[in-house]
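Novice: Handing you this structure, nothing more for now.
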Amino acid sequence: MAKSAENTAKIQRGKPFEPGKSGNPAGKPKGARNQITLAIEALLDGEGEALTQKAIDLAKTGDMQALRLCLDRLVPPRKDRPVSFELPAITCAGDAAKASAALVAAVSIGQITPSEAVELGRLLESYVKTLEATDLEERLKKLEKVISQ
């Protein structure tokens, strides 16, 4: 049988702290370690070499999980790679269209992957925003100089 809200109101505590006020205003001390992590490190202290050798031995006998573990440590998955292709010079915001066209062309011929093009597009967008901000600042300085004379 479900309890109604009025029956459970006496049991409910509500929020223990007022908004913006913590029970520990200083927060967790810097460098504080999790108790479980400390316990595991204490158990494994001095056993790293033996455990590594055991993983290698298991991998050599055909244990696929041990083999995957060893290979992941030897050759970690590549997260990023340099991308090399011709990108037109970008000296003003208007040049961004040419650069975007170059990105699309590079994807279409398989020179770069679509995900690489997306990342490069973000970089291009950021660069164009910087160019626009710099241009705006220069124009404002010129206007202020004219007005102040």
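Chains: A, B, ... in order of the structure tokens. Residues: from 1 per chain. Ligands: from 1, in order shown.
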Quick one: residues within 12 Å of stretch 112-125 of chain A, only C-alpha atoms, excluding same-chain residues fewer than 4 positions away - as a ChimeraX atom specification?

Specialist: /A:79-108,129-132

Novice: Can you list, as an mmCIF file with N, CA and C atoms, in the first residue's frame, every protein, DNA or RNA residue that comes within 12 Å of stretch 64-78 of chain A when you count only C-alpha atoms, leaving out same-chain residues fewer than 4 positions away?

Specialist:
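selection_23.cif, freshly written:
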data_model
loop_
_atom_site.group_PDB
_atom_site.id
_atom_site.type_symbol
_atom_site.label_atom_id
_atom_site.label_comp_id
_atom_site.auth_asym_id
_atom_site.auth_seq_id
_atom_site.Cartn_x
_atom_site.Cartn_y
_atom_site.Cartn_z
ATOM 1 N N LEU A 51 53.233 -9.199 -11.172
ATOM 2 C CA LEU A 51 51.938 -9.176 -11.837
ATOM 3 C C LEU A 51 52.081 -8.913 -13.337
ATOM 4 N N THR A 52 53.000 -8.031 -13.686
ATOM 5 C CA THR A 52 53.240 -7.749 -15.105
ATOM 6 C C THR A 52 53.758 -9.000 -15.798
ATOM 7 N N GLN A 53 54.687 -9.694 -15.166
ATOM 8 C CA GLN A 53 55.233 -10.918 -15.753
ATOM 9 C C GLN A 53 54.142 -11.971 -15.910
ATOM 10 N N LYS A 54 53.249 -12.083 -14.939
ATOM 11 C CA LYS A 54 52.150 -13.053 -15.016
ATOM 12 C C LYS A 54 51.223 -12.713 -16.183
ATOM 13 N N ALA A 55 50.923 -11.420 -16.370
ATOM 14 C CA ALA A 55 50.069 -11.006 -17.489
ATOM 15 C C ALA A 55 50.733 -11.353 -18.814
ATOM 16 N N ILE A 56 52.050 -11.156 -18.905
ATOM 17 C CA ILE A 56 52.779 -11.481 -20.128
ATOM 18 C C ILE A 56 52.747 -12.992 -20.367
ATOM 19 N N ASP A 57 52.965 -13.773 -19.305
ATOM 20 C CA ASP A 57 52.933 -15.231 -19.441
ATOM 21 C C ASP A 57 51.563 -15.715 -19.905
ATOM 22 N N LEU A 58 50.499 -15.158 -19.325
ATOM 23 C CA LEU A 58 49.137 -15.537 -19.726
ATOM 24 C C LEU A 58 48.875 -15.152 -21.177
ATOM 25 N N ALA A 59 49.355 -13.990 -21.580
ATOM 26 C CA ALA A 59 49.170 -13.540 -22.963
ATOM 27 C C ALA A 59 49.875 -14.496 -23.923
ATOM 28 N N LYS A 60 51.055 -14.971 -23.534
ATOM 29 C CA LYS A 60 51.812 -15.884 -24.388
ATOM 30 C C LYS A 60 51.133 -17.247 -24.523
ATOM 31 N N PRO A 82 48.682 13.773 -36.921
ATOM 32 C CA PRO A 82 48.849 14.988 -37.722
ATOM 33 C C PRO A 82 48.111 14.847 -39.048
#

Novice: Among chain A, which residues does DSSP mark as helix (DSSP H, G or I) when it is run on the backbone? Keep the chain and numbering as in the structure and answer as a PyMOL selection string.

Specialist: chain A and resi 5-8+35-44+48-60+64-74+93-108+114-148
